[in-house]
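Read the structure below first, then the notes.
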Amino acid sequence: MRLFAAVLAALLLSCSKPPEPKPMNQIPHDVHSYANPNAVKVTHVSLDLEVFFERQSLQGSAVLTIEHIDPKAKEIVLDSRALQIDMAEASDDGVKYREAHFETGKPDPILGTALHIPVGPQTKFIRIRYSTSPSATALQWLAPEQTEGKQHPFLYTQGEAINTRSWIPLQDSPGVRVTYDAKIKVPEGARAVMSAVNCPDKPNCVFKLEHAVPPYLIALAVGDLQFIPTGPRTGVWAEPSIAAKAAEEFADTEKMVAAAEKLYGPYRWGRYDVLVLPPSFPFGGMENPLLTFATPTILAGDKSLVSLVAHELAHSWSGNLVSNATWSDFWLNEGYTTYIERRILEELYGKERAMMEASLGYDDLMGEFKTLSSGDQALHPKLDGRDPDDGMNSVPYEKGALFLRTLEAAHGREKFDAFLKGYFDHFAFQSITTSEAMTYLQQNLGPVENLKAWLYQGGLPKGVQPPVAEAFTALQPVITNWLAGKEIDTSSWNTHQWLHFLQGLPEKLDAKRMARLDKEFHLTAGTNDEILAQWLLMAARNRYTPAEAKLEEFLTTVGRRKYVVPLYKALDKKQATAIYAKARPGYHSMTRQPVDAMLGVPSN
Ligand code: BES
Ligand code: ZN
């Protein structure tokens with residue numbers, strides 16, 4: 001009888017699985033990669049590169065360790081983009097190499113160029129000698145003037161989503177996890193850091209990452225960098241002139257790691273450091289393993305923008321430990337991370353802080369819905385034939401986080417926390433699809449209401465509760481009062497309340513009201529970049545001329561996409577084009593791309 005029950009249970013379980021479960025070790029098809037990892041798979045990357053600032057080129061070799069999955073496979077296919085390949089070699093033992101024939105496909109504007117190299121059944125290593133082009137989409141080469149210290153040039157990489165192929169020939173799909181090591185030769189006075197084990201005391205570090213990660217997480221930065229610890233396993237890297245400020249701003253990092261560990265299990269990567277980049281960095285932050293890359297625009301002086309550190313740290317679980325297998329599964333990275341980010345904030349700074357961030361995020365999402373097709377409002381968008389960047393808006397972040405909040409509310413926090421911890425243990429160091437994640441979810445947490453609507457439809461399913469922050473509700477009458485011309489008391493406001501206040505004002509404000517805002521709250525002279533960017537957006541929309549100089553200064557120094565793109569969109573086209581002509585050379589390719597498209601500037 002017991003046996004019968006067990007067999008029945010097993011049968012029932014297998015019935016609730018999706019129609020086509022992923023065969024063991026099968027890497028899901030990725031429309032953004034040419035690679036053939038289900039035939040021959042790269043498992044390790046060993047880099048030996050020299051950094052040439054004058055030529056804006058990395059030059060050297062990549063040795064790829066390969067594994068034969070299909071014994072009949074005759075070639076390995078790699079991704080590349082704008083790489084100059086000088087030679088390919090193959091080896092059975094990693095010692096003796098023989099030259100190998102290689103062929104490149106026709107370059108595609110989104111995917112880059114397929115690189116075909118024949119392999120025999122004994123081939124275990126492929127060595128590629130190559131150099132990168134100055135137009136490599138992952139790389140930004142900065143002149144000394146574009147740095148904080150203005151003395152030394154700077155280089156950094158941005159791999160996500162599909163840019164790693166522009167500086168390393170490999171199988172650039174998040175489903176193909178690799179370990180890596182790297183020897184990086186840099187000019188005198190510069191030092192290299194990577195998303196790997198770094199050596200703060202040794203200028204000639206040999207980097208090593210022994211945990212397998214998706215290729216978009218391989219990262220390098222080179223410049224005049226100093227290290228300051230903020231705790232036993234946390235610290236900051238930054239240009240010397242801002243390192244102390246950064247260390248102060250990020251003083252709570254160690255506590256954040258501890259809070260995340262308490263919720264979701266051990267931090268498995270060793271150290272957690274934050275690298276502060278020059279202001280052209282196209283993102284707020286990037287979760288490169290062991291070493292988050294961050295914009296200096298979060299150095300507000302009062303820790304008010306450190307939710308970004310909580311976010312990138314959270315990726316050490318959601319994203320780096322358990323990764324999206326394709327870019328349509330991006331919400332598994334960002335939605336889970338946004339949810340966890342706010343749990344970390346709640347642990348450190350209390351529930352109200354977390355609710356304010358959630359509420360601002362919800363407002364963002366509502367705004368974003370108005371601009372997107374219903375297919376792109378789904379958690380799992382269709383990205384065939386499109387740039388994965390097209391899926392990078394607030395939907396995976398905020399709708400994803402709301403999905404998890406809704407589950408938490410339905411099942412209770414205790415049960416949901418235990419579930420998430422189990423999820424990270426279960427899928428640790430794997431890349432998974434939405435369908436795998438949802439199968440596990442339904443088997444281990446229970447059936448999910450409206451799951452199809454969440455994943456494949458626009459908007460939000462009926463009955464979803466938006467996050468409410470008391471501190472924001474209390475601002476409603478204040479906004480009304482201010483609009484009625486009354487004086488208001490803002491002395492106790494934090495950054496989030498300021499943001500909510502400004503975003504709660506009507507989009508169209510006349511010159512008198514704009515001037516009143518500026519005079520009463522000194523917004524053009526503001527030093528908190530998040531508030532400043534919001535104010536400059538209002539200034540651009542309402543053609544508020546007294547802020548024009550500041551707007552131009554901001555756009556010509558800061559390259560953070562989230563700020564820059566809406567600003568160009570809000571400006572009058574002629575003015576936008578004029579400022580962009582000056583600012584464009586200072587932007588990373590990932591910021592240039594959307595602005596080029598918007599303003600009709602030919603890319604190069
Ligand atoms: N992984 C992202 C950055 C990213 C996304 C790079 C898509 C390339 C393609 C990172 O974790 C992120 O979400 N950054 C946010 C920070 C935020 C939501 C706190 C950003 O940069 O604004
Ligand atoms: Zn993120």
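Every chain in the structure tokens has a letter given in the order shown (A, B, ...), and although residue numbers restart at 1 in each chain, ligands are simply numbered from 1 in the order shown.
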Write as a PyMOL selection string the residues around ligand 1, taking 9 Å as the cut-off and counting only C-alpha atoms and all ligand atoms. chain A and resi 158-162+216+282-288+292+294-295+305-315+319+330+333-334+337-338+341+388-389+391-394+397+560-562+590
Using DSSP on the backbone coordinates, identify the residues of range 138-334 of chain A assigned to strand (DSSP E); present them as a VMD selection string. chain A and resid 139 to 142 154 to 157 178 to 185 191 to 194 206 to 213 220 to 223 226 to 229 234 to 238 272 to 276 285 to 286 291 to 294 322 to 324
List as a ChimeraX atom specification the protein and nucleic acid residues near Gly223 in chain A, meaning an atom at most 12 Å away when only C-alpha atoms are counted, but skip any in the same chain fewer than 5 places from it. /A:51,53,140-144,146-156,186-194,203,237-240,275-278
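Between Gly559 in chain A and the candidates A:Thr157, A:Thr297, A:Asn163, A:Thr495, the tightest atom-to-atom separation, counting only C-alpha atoms, involves A:Thr297.
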Backbone DSSP call of alpha helix (DSSP H) for range 412-484 of chain A, listed as an NGL selection string: :A and (413-426 or 434-444 or 451-456 or 470-473 or 476-483)
Expected file contents, prior selection, N, CA and C atoms, as a compact mmCIF listing (two decimals), in the first residue's frame:
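Wrote out.txt, looks like this:
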```txt
# COMPACT_ATOMS: atom_id res chain seq x y z
N ARG A 413 5.75 35.06 5.41
CA ARG A 413 7.17 35.34 5.25
C ARG A 413 8.04 34.16 5.62
N GLU A 414 7.69 33.48 6.71
CA GLU A 414 8.57 32.41 7.20
C GLU A 414 8.71 31.30 6.15
N LYS A 415 7.58 30.90 5.62
CA LYS A 415 7.58 29.83 4.64
C LYS A 415 8.29 30.28 3.35
N PHE A 416 8.01 31.52 2.97
CA PHE A 416 8.59 32.01 1.73
C PHE A 416 10.11 32.16 1.83
N ASP A 417 10.59 32.64 2.98
CA ASP A 417 12.04 32.77 3.18
C ASP A 417 12.73 31.40 3.08
N ALA A 418 12.12 30.42 3.73
CA ALA A 418 12.69 29.07 3.70
C ALA A 418 12.70 28.53 2.26
N PHE A 419 11.63 28.83 1.55
CA PHE A 419 11.56 28.40 0.15
C PHE A 419 12.70 29.00 -0.67
N LEU A 420 12.89 30.32 -0.55
CA LEU A 420 13.93 30.99 -1.36
C LEU A 420 15.32 30.47 -1.02
N LYS A 421 15.56 30.26 0.26
CA LYS A 421 16.85 29.72 0.67
C LYS A 421 17.07 28.34 0.02
N GLY A 422 16.03 27.54 0.02
CA GLY A 422 16.10 26.22 -0.60
C GLY A 422 16.33 26.32 -2.11
N TYR A 423 15.70 27.30 -2.72
CA TYR A 423 15.87 27.53 -4.17
C TYR A 423 17.33 27.82 -4.50
N PHE A 424 17.95 28.68 -3.70
CA PHE A 424 19.36 29.00 -3.98
C PHE A 424 20.27 27.79 -3.76
N ASP A 425 19.96 27.00 -2.74
CA ASP A 425 20.77 25.79 -2.52
C ASP A 425 20.57 24.81 -3.68
N HIS A 426 19.33 24.65 -4.08
CA HIS A 426 18.99 23.66 -5.09
C HIS A 426 19.65 23.98 -6.44
N THR A 434 13.03 30.24 -16.94
CA THR A 434 11.80 30.57 -16.21
C THR A 434 11.00 29.30 -15.93
N SER A 435 10.93 28.41 -16.93
CA SER A 435 10.10 27.23 -16.73
C SER A 435 10.69 26.32 -15.64
N GLU A 436 12.00 26.19 -15.59
CA GLU A 436 12.60 25.41 -14.48
C GLU A 436 12.32 26.05 -13.13
N ALA A 437 12.48 27.39 -13.09
CA ALA A 437 12.26 28.09 -11.82
C ALA A 437 10.81 27.94 -11.38
N MET A 438 9.87 28.01 -12.33
CA MET A 438 8.46 27.95 -11.97
C MET A 438 8.01 26.54 -11.60
N THR A 439 8.61 25.53 -12.24
CA THR A 439 8.32 24.15 -11.86
C THR A 439 8.75 23.92 -10.41
N TYR A 440 9.96 24.36 -10.11
CA TYR A 440 10.47 24.20 -8.74
C TYR A 440 9.58 24.95 -7.75
N LEU A 441 9.19 26.14 -8.15
CA LEU A 441 8.34 26.98 -7.29
C LEU A 441 7.02 26.28 -6.99
N GLN A 442 6.38 25.74 -8.03
CA GLN A 442 5.08 25.11 -7.81
C GLN A 442 5.20 23.81 -7.03
N GLN A 443 6.34 23.12 -7.20
CA GLN A 443 6.51 21.87 -6.46
C GLN A 443 6.88 22.10 -5.01
N ASN A 444 7.54 23.22 -4.73
CA ASN A 444 8.06 23.42 -3.38
C ASN A 444 7.35 24.48 -2.56
N LEU A 451 -0.30 32.55 -12.77
CA LEU A 451 1.10 32.45 -13.20
C LEU A 451 1.28 32.83 -14.68
N LYS A 452 0.40 32.35 -15.53
CA LYS A 452 0.53 32.65 -16.97
C LYS A 452 0.42 34.14 -17.22
N ALA A 453 -0.50 34.78 -16.49
CA ALA A 453 -0.67 36.23 -16.67
C ALA A 453 0.61 36.97 -16.26
N TRP A 454 1.19 36.58 -15.14
CA TRP A 454 2.45 37.21 -14.72
C TRP A 454 3.51 37.07 -15.81
N LEU A 455 3.64 35.83 -16.32
CA LEU A 455 4.77 35.54 -17.21
C LEU A 455 4.58 36.04 -18.64
N TYR A 456 3.35 35.93 -19.14
CA TYR A 456 3.18 36.15 -20.58
C TYR A 456 2.25 37.27 -20.95
N GLU A 470 3.74 54.68 4.23
CA GLU A 470 3.03 55.69 5.03
C GLU A 470 3.62 57.08 4.81
N ALA A 471 4.94 57.11 4.77
CA ALA A 471 5.62 58.40 4.65
C ALA A 471 5.25 59.10 3.35
N PHE A 472 4.87 58.32 2.36
CA PHE A 472 4.47 58.93 1.08
C PHE A 472 3.00 59.36 1.12
N THR A 473 2.17 58.51 1.74
CA THR A 473 0.77 58.87 1.86
C THR A 473 0.65 60.23 2.56
N GLN A 476 0.88 63.49 0.45
CA GLN A 476 -0.17 63.90 -0.49
C GLN A 476 -0.70 65.31 -0.19
N PRO A 477 -1.16 65.56 1.05
CA PRO A 477 -1.65 66.92 1.35
C PRO A 477 -0.56 67.98 1.23
N VAL A 478 0.68 67.58 1.47
CA VAL A 478 1.78 68.55 1.37
C VAL A 478 1.93 69.02 -0.08
N ILE A 479 1.83 68.06 -1.01
CA ILE A 479 1.91 68.41 -2.43
C ILE A 479 0.78 69.38 -2.80
N THR A 480 -0.41 69.06 -2.33
CA THR A 480 -1.57 69.92 -2.58
C THR A 480 -1.32 71.33 -2.03
N ASN A 481 -0.83 71.39 -0.82
CA ASN A 481 -0.53 72.69 -0.21
C ASN A 481 0.48 73.48 -1.01
N TRP A 482 1.53 72.80 -1.42
CA TRP A 482 2.58 73.51 -2.15
C TRP A 482 2.02 74.07 -3.46
N LEU A 483 1.22 73.23 -4.14
CA LEU A 483 0.63 73.68 -5.42
C LEU A 483 -0.32 74.86 -5.19
```
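Non-sequential neighbours of range 371-375 of chain A (distance at most 9 Å, separation of 3 or more positions within a chain, only C-alpha atoms) are Gly367, Glu368, Ala378, Leu379, His380, Pro381, Lys382, Tyr456, Gln457, Gly458 and Gly459 of chain A.
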Spatial neighbours of Leu290 in chain A, 7 Å, only C-alpha atoms, chain gap at least 4 places, as a PDB file with N, CA, C and O atoms, in the first residue's frame:
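Below is the file that was written, around22.pdb:
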```
ATOM      1  N   SER A 195      36.686  40.624 -11.511  1.00  0.00           N
ATOM      2  CA  SER A 195      35.588  39.951 -10.808  1.00  0.00           C
ATOM      3  C   SER A 195      36.068  38.558 -10.407  1.00  0.00           C
ATOM      4  O   SER A 195      35.533  37.546 -10.836  1.00  0.00           O
ATOM      5  N   ALA A 196      37.101  38.549  -9.582  1.00  0.00           N
ATOM      6  CA  ALA A 196      37.775  37.305  -9.236  1.00  0.00           C
ATOM      7  C   ALA A 196      38.503  37.562  -7.929  1.00  0.00           C
ATOM      8  O   ALA A 196      38.327  38.616  -7.328  1.00  0.00           O
ATOM      9  N   TRP A 269      31.190  33.536  -2.032  1.00  0.00           N
ATOM     10  CA  TRP A 269      32.208  34.018  -2.956  1.00  0.00           C
ATOM     11  C   TRP A 269      33.500  34.495  -2.286  1.00  0.00           C
ATOM     12  O   TRP A 269      34.420  34.909  -2.988  1.00  0.00           O
ATOM     13  N   ARG A 271      35.290  37.310  -0.722  1.00  0.00           N
ATOM     14  CA  ARG A 271      35.202  38.746  -0.457  1.00  0.00           C
ATOM     15  C   ARG A 271      34.026  39.393  -1.183  1.00  0.00           C
ATOM     16  O   ARG A 271      33.536  38.868  -2.181  1.00  0.00           O
ATOM     17  N   TYR A 272      33.599  40.535  -0.650  1.00  0.00           N
ATOM     18  CA  TYR A 272      32.649  41.366  -1.400  1.00  0.00           C
ATOM     19  C   TYR A 272      33.150  42.813  -1.384  1.00  0.00           C
ATOM     20  O   TYR A 272      33.101  43.495  -0.358  1.00  0.00           O
ATOM     21  N   ASP A 273      33.665  43.263  -2.500  1.00  0.00           N
ATOM     22  CA  ASP A 273      34.183  44.631  -2.601  1.00  0.00           C
ATOM     23  C   ASP A 273      33.382  45.421  -3.623  1.00  0.00           C
ATOM     24  O   ASP A 273      32.714  44.851  -4.484  1.00  0.00           O
TER      25      ASP A 273
END
```
Hey, what's within 12 Å of Ser166 in chain A if we count only C-alpha atoms and toss same-chain stuff fewer than 3 positions away? As an MDAnalysis selection string, please? chainID A and resid 57:58 78:85 110:114 130:140 157:163 169:172 215:216 589
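For the atom pair formed by CA of Phe102 in chain A and CA of Arg129 in chain A, the distance is 11.8 Å, given to one decimal.
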Kindly indicate which residue among A:Glu408, A:Leu332, A:His44, A:Pro566 lies nearest to ligand 2, using only C-alpha atoms and all ligand atoms for the distances. A:Leu332
Leaving out Thr65 in chain A and any residue of its chain fewer than 3 positions from it, which residues lie within 6 Å of it when counting only C-alpha atoms, given as an NGL selection string? :A and (42-44 or 124-125)
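Considering only C-alpha atoms and all ligand atoms, the residue among A:Trp331, A:Trp167, A:Tyr34, A:Phe52 positioned nearest to ligand 2 is A:Trp331.
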What does the structure give for the distance between CA of Ile432 in chain A and CA of Gln593 in chain A, in Å to one decimal? 28.6 Å
Gap from CA of Pro214 in chain A to CA of Val322 in chain A - Å, one decimal: 10.0 Å
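With only C-alpha atoms and all ligand atoms as the basis for measurement, A:Asn324 is the residue among A:Thr104, A:Thr490, A:Asn324, A:Thr557 that approaches ligand 2 most closely.
Among the candidates A:Asn38, A:Gln56, A:Gln122, A:Ser318, the one nearest to ligand 2 when counting only C-alpha atoms and all ligand atoms is A:Ser318.
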